[in-house]
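Text of input.txt (compact mmCIF, C-alpha atoms and all ligand atoms) as supplied:
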# COMPACT_ATOMS: atom_id res chain seq x y z
CA MET V 1 -42.73 -92.14 -71.29
CA PRO V 2 -43.94 -95.16 -69.30
CA GLU V 3 -44.60 -94.05 -65.73
CA LEU V 4 -45.79 -97.29 -64.19
CA ALA V 5 -45.61 -100.89 -65.37
CA VAL V 6 -46.62 -103.98 -63.41
CA LEU V 7 -46.68 -107.58 -64.56
CA ARG V 8 -47.70 -110.52 -62.44
CA SER V 9 -48.27 -113.66 -64.42
CA PRO V 10 -47.92 -117.45 -64.34
CA ALA V 11 -44.35 -118.74 -64.26
CA GLU V 12 -45.06 -120.33 -67.63
CA VAL V 13 -47.58 -119.78 -70.43
CA LEU V 14 -47.71 -122.44 -73.15
CA PHE V 15 -49.87 -121.57 -76.14
CA GLY V 16 -50.56 -123.55 -79.30
CA SER V 17 -52.61 -126.25 -80.97
CA GLY V 18 -52.00 -129.64 -79.32
CA MET V 19 -50.33 -128.04 -76.27
CA ALA V 20 -52.75 -129.84 -73.89
CA ALA V 21 -50.54 -132.91 -74.24
CA ALA V 22 -47.88 -131.08 -72.20
CA ALA V 23 -50.10 -131.26 -69.08
CA GLY V 24 -48.58 -134.54 -67.81
CA GLY V 25 -44.97 -133.44 -68.12
CA VAL V 26 -45.68 -130.08 -66.51
CA ALA V 27 -47.70 -131.61 -63.64
CA ALA V 28 -45.02 -134.25 -62.96
CA ARG V 29 -42.63 -131.48 -61.88
CA HIS V 30 -44.78 -130.94 -58.80
CA GLY V 31 -45.15 -134.53 -57.56
CA HIS V 32 -47.15 -137.71 -58.14
CA ARG V 33 -50.67 -136.99 -57.00
CA VAL V 34 -52.94 -134.89 -59.18
CA LEU V 35 -56.44 -133.55 -58.56
CA ALA V 36 -58.07 -132.91 -61.95
CA ILE V 37 -60.99 -130.49 -61.83
CA THR V 38 -63.53 -130.01 -64.62
CA ASP V 39 -67.29 -129.86 -65.17
CA PRO V 40 -69.68 -132.61 -66.33
CA VAL V 41 -69.95 -131.24 -69.90
CA LEU V 42 -66.22 -130.98 -70.41
CA ALA V 43 -65.57 -134.34 -68.71
CA ALA V 44 -67.16 -135.95 -71.79
CA THR V 45 -65.02 -134.07 -74.34
CA GLU V 46 -62.03 -135.30 -76.33
CA GLY V 47 -60.02 -132.35 -75.03
CA TYR V 48 -60.38 -133.42 -71.40
CA ALA V 49 -59.64 -137.03 -72.38
CA ALA V 50 -56.40 -135.85 -73.98
CA VAL V 51 -55.37 -134.06 -70.78
CA LEU V 52 -56.17 -137.13 -68.66
CA ALA V 53 -54.22 -139.36 -71.06
CA SER V 54 -51.24 -137.03 -70.81
CA LEU V 55 -51.35 -137.10 -66.99
CA ARG V 56 -51.56 -140.90 -66.93
CA GLU V 57 -48.78 -141.32 -69.53
CA ALA V 58 -46.59 -139.27 -67.21
CA GLY V 59 -47.23 -141.94 -64.53
CA LEU V 60 -49.27 -139.70 -62.26
CA ASP V 61 -52.02 -140.78 -59.84
CA VAL V 62 -55.11 -138.86 -60.84
CA VAL V 63 -58.20 -138.22 -58.73
CA GLU V 64 -60.98 -136.50 -60.66
CA PHE V 65 -63.55 -133.96 -59.53
CA THR V 66 -65.94 -133.49 -62.46
CA ASP V 67 -68.76 -131.59 -60.75
CA ALA V 68 -67.67 -127.98 -61.25
CA ALA V 69 -70.75 -125.80 -61.84
CA VAL V 70 -71.40 -122.51 -63.53
CA ASP V 71 -70.67 -119.49 -61.30
CA VAL V 72 -68.91 -121.56 -58.60
CA PRO V 73 -71.60 -122.26 -55.95
CA MET V 74 -70.43 -122.78 -52.36
CA THR V 75 -71.79 -126.35 -52.26
CA THR V 76 -69.49 -127.25 -55.16
CA ILE V 77 -66.53 -125.64 -53.42
CA ASP V 78 -67.22 -127.74 -50.30
CA ALA V 79 -67.45 -130.92 -52.41
CA ALA V 80 -64.21 -130.19 -54.30
CA ALA V 81 -62.36 -129.38 -51.08
CA THR V 82 -63.58 -132.66 -49.52
CA THR V 83 -62.37 -134.65 -52.53
CA GLY V 84 -59.09 -132.72 -52.38
CA ARG V 85 -58.52 -133.38 -48.67
CA GLU V 86 -58.92 -137.12 -49.29
CA ALA V 87 -56.71 -137.12 -52.40
CA ARG V 88 -53.96 -134.95 -50.84
CA PRO V 89 -52.75 -133.78 -54.28
CA ASP V 90 -49.33 -132.29 -55.03
CA VAL V 91 -50.80 -130.30 -57.89
CA ILE V 92 -54.24 -129.38 -59.26
CA VAL V 93 -55.00 -129.45 -62.99
CA ALA V 94 -58.09 -127.48 -64.06
CA VAL V 95 -59.74 -127.95 -67.44
CA GLY V 96 -62.64 -125.65 -68.16
CA GLY V 97 -64.04 -122.18 -68.45
CA GLY V 98 -63.81 -119.55 -65.77
CA SER V 99 -66.12 -121.53 -63.51
CA ALA V 100 -63.94 -124.68 -63.34
CA ILE V 101 -60.67 -122.73 -63.12
CA ASP V 102 -62.04 -120.43 -60.40
CA LEU V 103 -63.22 -123.50 -58.47
CA ALA V 104 -59.71 -124.96 -58.77
CA LYS V 105 -58.20 -121.72 -57.43
CA VAL V 106 -60.28 -121.73 -54.25
CA THR V 107 -59.74 -125.47 -53.82
CA ALA V 108 -55.97 -124.87 -54.02
CA LEU V 109 -56.43 -122.12 -51.45
CA LEU V 110 -58.52 -124.19 -49.03
CA LEU V 111 -56.18 -127.21 -49.27
CA ALA V 112 -53.21 -125.01 -48.41
CA HIS V 113 -54.67 -122.73 -45.74
CA GLY V 114 -58.05 -124.16 -44.62
CA GLY V 115 -60.53 -122.04 -42.70
CA ALA V 116 -63.63 -120.29 -43.97
CA LEU V 117 -63.48 -118.84 -47.46
CA ASN V 118 -64.93 -115.47 -46.44
CA ALA V 119 -61.73 -114.75 -44.54
CA TYR V 120 -60.06 -114.33 -47.95
CA TYR V 121 -62.64 -112.08 -49.69
CA GLY V 122 -61.15 -108.93 -51.19
CA GLU V 123 -57.59 -108.13 -52.22
CA HIS V 124 -54.33 -109.48 -50.74
CA MET V 125 -56.06 -111.54 -48.04
CA VAL V 126 -54.48 -114.91 -48.96
CA PRO V 127 -51.62 -115.42 -46.47
CA GLY V 128 -49.18 -117.40 -48.63
CA PRO V 129 -48.63 -119.79 -51.55
CA VAL V 130 -51.46 -122.17 -52.42
CA LEU V 131 -51.21 -125.59 -54.07
CA PRO V 132 -49.65 -125.34 -57.54
CA LEU V 133 -52.32 -125.03 -60.22
CA ILE V 134 -52.08 -125.80 -63.93
CA ALA V 135 -54.96 -124.21 -65.85
CA LEU V 136 -56.20 -125.22 -69.29
CA PRO V 137 -58.96 -122.88 -70.53
CA THR V 138 -61.77 -124.24 -72.68
CA THR V 139 -63.40 -120.86 -73.29
CA ALA V 140 -61.88 -117.72 -74.78
CA GLY V 141 -62.51 -116.50 -72.27
CA THR V 142 -62.22 -115.22 -68.83
CA GLY V 143 -58.43 -115.22 -68.80
CA SER V 144 -58.70 -116.94 -65.42
CA GLU V 145 -55.76 -119.15 -66.48
CA VAL V 146 -53.47 -116.15 -65.84
CA THR V 147 -55.34 -113.98 -63.34
CA PRO V 148 -55.08 -113.61 -59.55
CA VAL V 149 -58.87 -113.62 -59.19
CA SER V 150 -61.45 -116.25 -58.31
CA VAL V 151 -65.10 -115.24 -58.47
CA ILE V 152 -67.44 -117.38 -56.40
CA GLY V 153 -71.12 -117.49 -55.42
CA ASP V 154 -71.82 -116.81 -51.76
CA PRO V 155 -75.51 -117.46 -50.97
CA GLU V 156 -75.32 -115.44 -47.75
CA LEU V 157 -74.27 -112.30 -49.64
CA GLY V 158 -76.82 -112.95 -52.40
CA MET V 159 -74.17 -111.85 -54.88
CA LYS V 160 -70.94 -113.15 -56.29
CA VAL V 161 -67.73 -112.14 -54.61
CA GLY V 162 -64.08 -112.01 -55.62
CA ILE V 163 -60.94 -113.31 -53.94
CA SER V 164 -57.95 -111.55 -55.44
CA SER V 165 -54.35 -112.41 -54.59
CA PRO V 166 -51.17 -112.95 -56.61
CA TYR V 167 -50.92 -116.33 -54.83
CA LEU V 168 -53.97 -117.49 -56.83
CA ILE V 169 -52.26 -117.04 -60.20
CA PRO V 170 -51.91 -120.50 -61.78
CA ARG V 171 -48.31 -121.74 -61.95
CA THR V 172 -48.71 -122.74 -65.61
CA ALA V 173 -51.34 -121.76 -68.18
CA ILE V 174 -51.66 -124.22 -71.04
CA CYS V 175 -53.71 -122.61 -73.80
CA ASP V 176 -54.67 -125.07 -76.53
CA PRO V 177 -57.20 -123.71 -79.06
CA GLU V 178 -58.35 -127.29 -79.74
CA LEU V 179 -59.92 -127.32 -76.24
CA THR V 180 -62.21 -124.46 -77.27
CA ARG V 181 -63.46 -126.13 -80.48
CA THR V 182 -66.54 -127.65 -78.80
CA CYS V 183 -67.55 -124.40 -77.09
CA PRO V 184 -71.16 -123.68 -78.18
CA PRO V 185 -71.94 -120.40 -80.01
CA SER V 186 -73.64 -118.68 -77.07
CA VAL V 187 -70.76 -119.46 -74.67
CA THR V 188 -68.29 -118.42 -77.40
CA ALA V 189 -70.14 -115.11 -77.76
CA HIS V 190 -70.51 -114.40 -74.04
CA SER V 191 -67.03 -115.43 -72.94
CA GLY V 192 -65.54 -113.69 -76.02
CA ILE V 193 -67.18 -110.33 -75.33
CA ASP V 194 -66.19 -110.76 -71.67
CA ALA V 195 -62.57 -110.97 -72.85
CA LEU V 196 -63.09 -107.76 -74.82
CA SER V 197 -64.51 -106.17 -71.66
CA HIS V 198 -61.37 -107.20 -69.76
CA ALA V 199 -59.10 -105.62 -72.35
CA ILE V 200 -61.11 -102.41 -72.69
CA GLU V 201 -61.75 -101.96 -68.97
CA ALA V 202 -58.03 -102.50 -68.29
CA PHE V 203 -57.10 -100.01 -71.04
CA MET V 204 -59.53 -97.39 -69.70
CA ALA V 205 -58.87 -98.04 -65.98
CA VAL V 206 -57.91 -95.38 -63.47
CA THR V 207 -54.30 -94.13 -63.56
CA ARG V 208 -52.39 -94.08 -60.29
CA ARG V 209 -49.05 -92.44 -59.47
CA PRO V 210 -46.07 -94.83 -59.37
CA ASP V 211 -45.42 -95.54 -55.72
CA TRP V 212 -43.64 -98.52 -54.20
CA ARG V 213 -46.56 -99.09 -51.85
CA LEU V 214 -49.06 -99.47 -54.72
CA PRO V 215 -48.39 -103.12 -55.70
CA LEU V 216 -48.14 -104.13 -52.05
CA GLU V 217 -51.49 -102.61 -51.18
CA ARG V 218 -53.40 -103.38 -54.37
CA VAL V 219 -53.63 -106.39 -56.64
CA ALA V 220 -55.17 -104.30 -59.44
CA VAL V 221 -52.88 -101.27 -59.80
CA GLY V 222 -54.75 -99.50 -62.62
CA LYS V 223 -53.89 -98.67 -66.22
CA ASN V 224 -50.14 -98.98 -66.81
CA ALA V 225 -47.62 -99.32 -69.63
CA MET V 226 -47.45 -103.13 -69.49
CA SER V 227 -51.21 -103.70 -69.32
CA ASP V 228 -51.72 -101.21 -72.18
CA VAL V 229 -49.53 -103.27 -74.55
CA LEU V 230 -51.41 -106.44 -73.65
CA ALA V 231 -54.86 -104.82 -73.76
CA LEU V 232 -54.37 -103.37 -77.24
CA ALA V 233 -53.03 -106.69 -78.55
CA ALA V 234 -56.13 -108.35 -77.10
CA VAL V 235 -58.52 -105.82 -78.65
CA ARG V 236 -56.93 -106.34 -82.09
CA GLU V 237 -57.30 -110.14 -81.92
CA ILE V 238 -60.81 -110.14 -80.49
CA GLY V 239 -62.02 -107.44 -82.90
CA VAL V 240 -61.00 -109.55 -85.88
CA ASN V 241 -61.97 -112.99 -84.59
CA LEU V 242 -64.98 -112.88 -82.26
CA GLU V 243 -67.74 -112.81 -84.86
CA ARG V 244 -66.00 -115.49 -86.92
CA ALA V 245 -65.61 -117.84 -83.95
CA VAL V 246 -69.29 -117.42 -83.04
CA ALA V 247 -70.39 -118.06 -86.65
CA ASP V 248 -68.20 -121.13 -87.18
CA GLY V 249 -66.81 -122.95 -84.16
CA ASP V 250 -64.57 -125.06 -86.40
CA ASP V 251 -62.77 -121.98 -87.73
CA MET V 252 -59.57 -122.79 -85.85
CA ALA V 253 -57.78 -119.64 -86.99
CA ALA V 254 -60.55 -117.62 -85.32
CA ARG V 255 -60.53 -119.90 -82.24
CA SER V 256 -56.77 -119.48 -81.94
CA GLY V 257 -57.02 -115.69 -82.32
CA MET V 258 -59.72 -115.57 -79.65
CA LEU V 259 -57.74 -117.69 -77.19
CA PHE V 260 -54.63 -115.55 -77.73
CA GLY V 261 -56.79 -112.43 -77.37
CA SER V 262 -58.40 -113.62 -74.12
CA LEU V 263 -54.97 -114.63 -72.78
CA ASN V 264 -53.62 -111.13 -73.43
CA ALA V 265 -56.78 -109.55 -72.02
CA GLY V 266 -56.40 -111.71 -68.91
CA LEU V 267 -52.81 -110.61 -68.41
CA ALA V 268 -53.86 -106.97 -68.90
CA PHE V 269 -56.67 -106.98 -66.35
CA ALA V 270 -54.79 -109.25 -63.95
CA ASN V 271 -52.57 -106.21 -63.37
CA ALA V 272 -54.65 -103.16 -64.30
CA GLY V 273 -57.97 -104.49 -62.99
CA VAL V 274 -61.48 -104.17 -64.39
CA ALA V 275 -64.03 -101.58 -63.35
CA ALA V 276 -67.63 -100.41 -63.89
CA ALA V 277 -68.87 -103.07 -66.33
CA HIS V 278 -67.79 -105.81 -63.93
CA ALA V 279 -69.14 -104.04 -60.84
CA LEU V 280 -72.50 -103.62 -62.62
CA GLN V 281 -72.54 -107.27 -63.69
CA PHE V 282 -72.28 -108.38 -60.06
CA ALA V 283 -75.64 -106.64 -59.51
CA ILE V 284 -77.18 -107.71 -62.85
CA GLY V 285 -76.08 -111.32 -62.35
CA ALA V 286 -77.61 -111.38 -58.85
CA ALA V 287 -80.90 -109.97 -60.18
CA THR V 288 -81.24 -112.00 -63.37
CA GLY V 289 -78.86 -114.98 -63.23
CA THR V 290 -77.55 -114.09 -66.70
CA PRO V 291 -74.12 -115.41 -67.75
CA HIS V 292 -71.19 -113.25 -66.66
CA GLY V 293 -70.07 -112.31 -70.18
CA LEU V 294 -73.56 -111.48 -71.39
CA GLY V 295 -73.76 -108.90 -68.61
CA THR V 296 -70.26 -107.42 -68.89
CA GLY V 297 -70.56 -107.34 -72.70
CA LEU V 298 -73.98 -105.68 -72.56
CA MET V 299 -72.71 -103.00 -70.17
CA LEU V 300 -69.40 -102.39 -71.93
CA PRO V 301 -70.42 -99.73 -74.52
CA TYR V 302 -72.43 -97.85 -71.90
CA VAL V 303 -69.49 -97.83 -69.51
CA MET V 304 -67.23 -96.63 -72.32
CA ALA V 305 -69.69 -93.82 -73.08
CA PHE V 306 -69.88 -92.88 -69.39
CA ASN V 307 -66.08 -92.72 -69.22
CA ARG V 308 -65.68 -90.72 -72.44
CA PRO V 309 -65.03 -87.37 -70.69
CA GLU V 310 -62.00 -88.92 -68.90
CA ARG V 311 -60.73 -91.17 -71.66
CA GLU V 312 -61.19 -89.56 -75.10
CA PRO V 313 -57.62 -90.43 -76.29
CA ALA V 314 -57.98 -94.04 -75.09
CA LEU V 315 -61.23 -94.35 -77.04
CA ALA V 316 -59.46 -93.15 -80.20
CA GLN V 317 -56.70 -95.75 -79.68
CA LEU V 318 -59.33 -98.45 -79.14
CA ALA V 319 -61.14 -97.49 -82.37
CA ALA V 320 -57.83 -97.84 -84.24
CA ALA V 321 -57.18 -101.24 -82.62
CA LEU V 322 -60.67 -102.28 -83.70
CA GLY V 323 -59.72 -101.47 -87.28
CA ALA V 324 -61.60 -98.17 -87.64
CA PRO V 325 -59.25 -95.27 -86.82
CA GLU V 326 -61.90 -92.74 -87.86
CA GLY V 327 -64.71 -94.56 -86.06
CA ASP V 328 -66.19 -94.30 -82.58
CA ALA V 329 -65.12 -97.17 -80.30
CA VAL V 330 -68.40 -96.99 -78.36
CA ALA V 331 -70.49 -97.52 -81.51
CA ILE V 332 -68.16 -100.25 -82.81
CA VAL V 333 -68.37 -102.24 -79.57
CA HIS V 334 -72.14 -101.71 -79.31
CA ASP V 335 -72.65 -102.99 -82.88
CA LEU V 336 -70.33 -105.95 -82.33
CA GLY V 337 -72.36 -106.99 -79.28
CA LEU V 338 -75.60 -106.89 -81.26
CA ARG V 339 -74.06 -108.87 -84.13
CA ILE V 340 -73.00 -111.71 -81.83
CA GLY V 341 -76.47 -111.89 -80.30
CA LEU V 342 -76.35 -109.85 -77.10
CA PRO V 343 -79.75 -108.48 -76.07
CA ALA V 344 -80.37 -104.97 -77.40
CA ARG V 345 -81.56 -103.69 -74.02
CA LEU V 346 -81.16 -104.49 -70.36
CA ALA V 347 -84.99 -104.37 -70.35
CA ASP V 348 -84.91 -107.56 -72.47
CA LEU V 349 -83.67 -109.44 -69.37
CA GLU V 350 -87.12 -108.97 -67.84
CA LEU V 351 -85.82 -106.46 -65.37
CA GLY V 352 -88.17 -103.67 -64.27
CA GLU V 353 -86.82 -100.12 -64.51
CA ASP V 354 -87.82 -99.62 -60.85
CA ARG V 355 -85.03 -101.99 -59.78
CA LEU V 356 -82.18 -100.03 -61.38
CA ALA V 357 -81.52 -97.59 -58.53
CA ALA V 358 -81.04 -100.38 -55.98
CA MET V 359 -78.78 -102.25 -58.40
CA GLY V 360 -76.76 -99.07 -59.01
CA GLU V 361 -76.22 -98.74 -55.28
CA GLN V 362 -75.17 -102.39 -55.02
CA ALA V 363 -72.64 -102.00 -57.86
CA ALA V 364 -71.15 -98.78 -56.48
CA GLY V 365 -70.60 -100.62 -53.20
CA ILE V 366 -68.13 -103.01 -54.83
CA THR V 367 -65.27 -100.61 -54.24
CA ARG V 368 -62.58 -103.07 -55.44
CA LEU V 369 -64.04 -102.59 -58.95
CA ALA V 370 -65.88 -99.26 -58.79
CA GLY V 371 -62.76 -97.56 -57.43
CA ASN V 372 -60.83 -98.69 -60.50
CA ASN V 373 -63.04 -96.72 -62.88
CA PRO V 374 -61.39 -93.68 -64.51
CA ARG V 375 -64.42 -91.44 -63.90
CA PRO V 376 -65.58 -91.35 -60.26
CA LEU V 377 -68.37 -93.85 -59.95
CA ASP V 378 -71.07 -93.48 -57.32
CA ALA V 379 -74.54 -95.01 -57.09
CA HIS V 380 -75.88 -92.17 -59.22
CA GLY V 381 -73.41 -92.85 -62.02
CA CYS V 382 -74.04 -96.60 -61.87
CA THR V 383 -77.79 -96.04 -62.12
CA ALA V 384 -77.35 -93.67 -65.09
CA ILE V 385 -75.33 -96.36 -66.90
CA LEU V 386 -77.95 -99.01 -66.08
CA ARG V 387 -80.77 -96.72 -67.25
CA ALA V 388 -79.11 -96.04 -70.61
CA ALA V 389 -78.54 -99.78 -71.06
CA TRP V 390 -82.12 -100.50 -70.04
CA HIS V 391 -83.29 -98.28 -72.91
CA GLY V 392 -80.57 -99.66 -75.23
CA ASP V 393 -79.24 -96.21 -76.05
CA PRO V 394 -75.61 -95.24 -75.26
CA SER V 395 -76.28 -91.68 -76.43
CA LEU V 396 -78.29 -91.08 -73.23
CA LEU V 397 -74.91 -91.03 -71.47
CA ALA V 398 -73.41 -88.63 -74.01
CA GLU V 399 -76.11 -86.13 -73.08
CA ARG V 400 -75.37 -86.66 -69.40
CA ALA V 401 -71.64 -86.09 -69.95
CA ALA V 402 -72.34 -82.85 -71.81
CA ALA V 403 -74.82 -81.59 -69.17
N1 LIG S 501 -61.11 -115.49 -62.44
C1 LIG S 501 -61.22 -114.56 -63.35
O1 LIG S 501 -60.28 -113.84 -63.62
C2 LIG S 501 -62.54 -114.39 -64.03
C3 LIG S 501 -62.70 -113.43 -65.02
C4 LIG S 501 -63.93 -113.32 -65.65
C5 LIG S 501 -64.97 -114.16 -65.30
N2 LIG S 501 -64.80 -115.08 -64.31
C6 LIG S 501 -65.86 -116.01 -63.92
O2 LIG S 501 -65.86 -117.10 -64.85
C7 LIG S 501 -67.17 -117.64 -64.96
C8 LIG S 501 -67.60 -117.69 -66.41
O3 LIG S 501 -66.69 -118.51 -67.12
P1 LIG S 501 -66.86 -118.86 -68.67
O4 LIG S 501 -67.47 -117.72 -69.36
O5 LIG S 501 -65.54 -119.33 -69.12
O6 LIG S 501 -67.95 -120.01 -68.68
P2 LIG S 501 -68.19 -121.26 -67.71
O7 LIG S 501 -66.93 -121.83 -67.22
O8 LIG S 501 -69.19 -120.82 -66.67
O9 LIG S 501 -68.88 -122.27 -68.70
C9 LIG S 501 -70.16 -121.99 -69.27
C10 LIG S 501 -70.71 -123.26 -69.91
O10 LIG S 501 -69.97 -123.56 -71.08
C11 LIG S 501 -69.55 -124.92 -71.08
N3 LIG S 501 -68.27 -125.00 -71.78
C12 LIG S 501 -67.13 -124.31 -71.49
N4 LIG S 501 -66.17 -124.63 -72.38
C13 LIG S 501 -66.69 -125.54 -73.23
C14 LIG S 501 -66.18 -126.27 -74.35
N5 LIG S 501 -64.94 -126.07 -74.81
N6 LIG S 501 -66.99 -127.15 -74.95
C15 LIG S 501 -68.27 -127.33 -74.54
N7 LIG S 501 -68.81 -126.67 -73.50
C16 LIG S 501 -68.03 -125.79 -72.85
C17 LIG S 501 -69.46 -125.29 -69.61
O11 LIG S 501 -69.61 -126.67 -69.43
C18 LIG S 501 -70.62 -124.49 -69.01
O12 LIG S 501 -71.81 -125.22 -69.13
C19 LIG S 501 -68.06 -116.75 -64.12
O13 LIG S 501 -68.25 -117.37 -62.85
C20 LIG S 501 -67.27 -115.48 -63.97
O14 LIG S 501 -67.59 -114.76 -62.80
C21 LIG S 501 -63.59 -115.21 -63.70
FE FE S 502 -65.21 -110.81 -66.88

Now, as a test, write the supplied structure out as structure tokens.
Amino acid sequence: MPELAVLRSPAEVLFGSGMAAAAGGVAARHGHRVLAITDPVLAATEGYAAVLASLREAGLDVVEFTDAAVDVPMTTIDAAATTGREARPDVIVAVGGGSAIDLAKVTALLLAHGGALNAYYGEHMVPGPVLPLIALPTTAGTGSEVTPVSVIGDPELGMKVGISSPYLIPRTAICDPELTRTCPPSVTAHSGIDALSHAIEAFMAVTRRPDWRLPLERVAVGKNAMSDVLALAAVREIGVNLERAVADGDDMAARSGMLFGSLNAGLAFANAGVAAAHALQFAIGAATGTPHGLGTGLMLPYVMAFNRPEREPALAQLAAALGAPEGDAVAIVHDLGLRIGLPARLADLELGEDRLAAMGEQAAGITRLAGNNPRPLDAHGCTAILRAAWHGDPSLLAERAAA
């Protein structure tokens, strides 16, 4: 019996090959002036050119900001907001991976409400609607095209930080697998395993009692009946297609499966939330500068192993969704990560073991994420997960659970 179900999503999700050409018609509903946001690599792609052509064919005035940067540095946010204030757009169109779409979200926020960005850090801090945003993902992916989250780099904190509000959900997500065709193998691998992390962390998230206050107080409400459907659908797609998409970027069936998988995973975690793997990656990313998905994907099997005592039935369902009903989901995910080229050990990131305790403390302090983990997660637990990953051995956590 479903006890709790929550779904917040874009007003419209358009998925399919060639769908990018709808961007102009969709944007024209919001007015005449468009701010198009992308990064320098994508600005040179055919996919972005197709989106621009569609906007211009619809008779729209387009101002471009093509300097989005990986991990959304504050200097880039300032530059995009300045361009936006001059352009006074009616709508923002973002073409890119999580970095460009997250930049577009905070630009839409700053153009609507102004002020300093740190006033909006955390959950439910955005005071009202932001500029309408149309998001076209080029990775499969962060799911940012459907999520209420923007993750940005704040140099003063020395760590990335999230702004999470239903007002940040893009108005329309246009998911065209053709836009992901040029995505290089390493980005395909990292963003693809990140999508798997979203689905699995949402499926294993904490369960909260249904209460009318819950969605008003929290953006991420925890594991629920709606996010479970979406998470399992995502795991099935990603399990079948990730390795294929990494091996052959022109395999459009695999690209399409991955984009549909990351879309479903995004919708799942947009409502359920993510947990330990993402909290730990905030600390790993700050220490090593590794790509987001490399870190979340590397931590994922260890986090699953840590959570096993609380989530044995969920792990069995995940193994079935991954095509091995008799298998162990932790081992399947660990092997998949190695096959797509993730490092075997956290130690391979040139990180000394002496730094793990401080990183564990840092991760446990991100209560928005740590508090969403099904097994209580303190600095001790975070450090145990990091230590097992540092040695490259998930079974170290099995022993801990049994102890
Ligand atoms: N908002 C959310 O819900 C959410 C969720 C997860 C992660 N994130 C954030 O998203 C960011 C990571 O995003 P990402 O993994 O999508 O990567 P990205 O946007 O950082 O892009 C990585 C690199 O890949 C290139 N690239 C992307 N698509 C390409 C394509 N189709 N062809 C050629 N090159 C391409 C980019 O130019 C860039 O150099 C991180 O900042 C992370 O914190 C956000
Ligand atoms: Fe992620």

Practice task
Would you kindly return, as a ChimeraX atom specification, each protein, DNA or RNA residue with an atom no farther than 9 Å from any atom of range 16-28 of chain V, considering all atoms listed in the file and excluding same-chain residues fewer than 2 positions away?
Solution key: /V:14,30-34,47-48,50-60,90-93,132-134,136,172,174-179,256

Handout entry: Within 10 Å of Ser144 in chain V using all atoms listed in the file, minus same-chain residues under 2 positions, as an NGL selection string
Key = :V and (96-102 or 105 or 135-137 or 139-142 or 146-151 or 168-170 or 173 or 262-263 or 266-267 or 270)

With a cut-off of 7 Å, could you pull out the residues of chain V touching ligand FE 502 (chain S) and give me the nearest pair of atoms for each, distance in Å to one decimal, using all atoms listed in the file, ordered by chain and ascending number, as CSV?
residue,atom,partner,partner_atom,distance
V:Thr142,CA,S:FE502,FE,5.7
V:Asp194,CA,S:FE502,FE,4.9
V:Ala195,CA,S:FE502,FE,6.5
V:Ser197,CA,S:FE502,FE,6.7
V:His198,CA,S:FE502,FE,6.0
V:His278,CA,S:FE502,FE,6.4
V:His292,CA,S:FE502,FE,6.5
V:Gly293,CA,S:FE502,FE,6.1
V:Thr296,CA,S:FE502,FE,6.4

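Distances from V:Ala247, V:Ile238, V:Met299, V:Ala316 to Ala279 in chain V were compared using only C-alpha atoms, and the smallest one belongs to V:Met299.
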
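When CA of Ser164 in chain V is paired with CA of Glu123 in chain V, their separation reads 4.7 Å.
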
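Using only C-alpha atoms and all ligand atoms, the nearest neighbour of ligand LIG 501 (chain S) within the list V:Val63, V:Met304, V:Ala388, V:Ala265 is V:Ala265.
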
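Going from CA of Ala233 in chain V over to CA of Met204 in chain V, you cover 14.4 Å.
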
Handout entry: range 285-287 of chain V surroundings by only C-alpha atoms, 10 Å radius, close-in-sequence under 3 positions cut, as a ChimeraX atom specification
Key = /V:71,153,157-160,280-282,290-296,349-351,355,359

Identify the residues around (-60.0, -102.4, -82.4) within a radius of 10 Å, measuring from all atoms listed in the file in the coordinates stated by the file, and give them as an mmCIF file with C-alpha atoms, keeping the file's coordinate frame.
data_model
loop_
_atom_site.group_PDB
_atom_site.id
_atom_site.type_symbol
_atom_site.label_atom_id
_atom_site.label_comp_id
_atom_site.auth_asym_id
_atom_site.auth_seq_id
_atom_site.Cartn_x
_atom_site.Cartn_y
_atom_site.Cartn_z
ATOM 1 C CA LEU V 196 -63.090 -107.760 -74.820
ATOM 2 C CA ILE V 200 -61.110 -102.410 -72.690
ATOM 3 C CA LEU V 232 -54.370 -103.370 -77.240
ATOM 4 C CA ALA V 233 -53.030 -106.690 -78.550
ATOM 5 C CA ALA V 234 -56.130 -108.350 -77.100
ATOM 6 C CA VAL V 235 -58.520 -105.820 -78.650
ATOM 7 C CA ARG V 236 -56.930 -106.340 -82.090
ATOM 8 C CA GLU V 237 -57.300 -110.140 -81.920
ATOM 9 C CA ILE V 238 -60.810 -110.140 -80.490
ATOM 10 C CA GLY V 239 -62.020 -107.440 -82.900
ATOM 11 C CA VAL V 240 -61.000 -109.550 -85.880
ATOM 12 C CA LEU V 315 -61.230 -94.350 -77.040
ATOM 13 C CA ALA V 316 -59.460 -93.150 -80.200
ATOM 14 C CA GLN V 317 -56.700 -95.750 -79.680
ATOM 15 C CA LEU V 318 -59.330 -98.450 -79.140
ATOM 16 C CA ALA V 319 -61.140 -97.490 -82.370
ATOM 17 C CA ALA V 320 -57.830 -97.840 -84.240
ATOM 18 C CA ALA V 321 -57.180 -101.240 -82.620
ATOM 19 C CA LEU V 322 -60.670 -102.280 -83.700
ATOM 20 C CA GLY V 323 -59.720 -101.470 -87.280
ATOM 21 C CA ALA V 324 -61.600 -98.170 -87.640
ATOM 22 C CA PRO V 325 -59.250 -95.270 -86.820
ATOM 23 C CA GLY V 327 -64.710 -94.560 -86.060
ATOM 24 C CA ALA V 329 -65.120 -97.170 -80.300
ATOM 25 C CA ILE V 332 -68.160 -100.250 -82.810
ATOM 26 C CA VAL V 333 -68.370 -102.240 -79.570
#
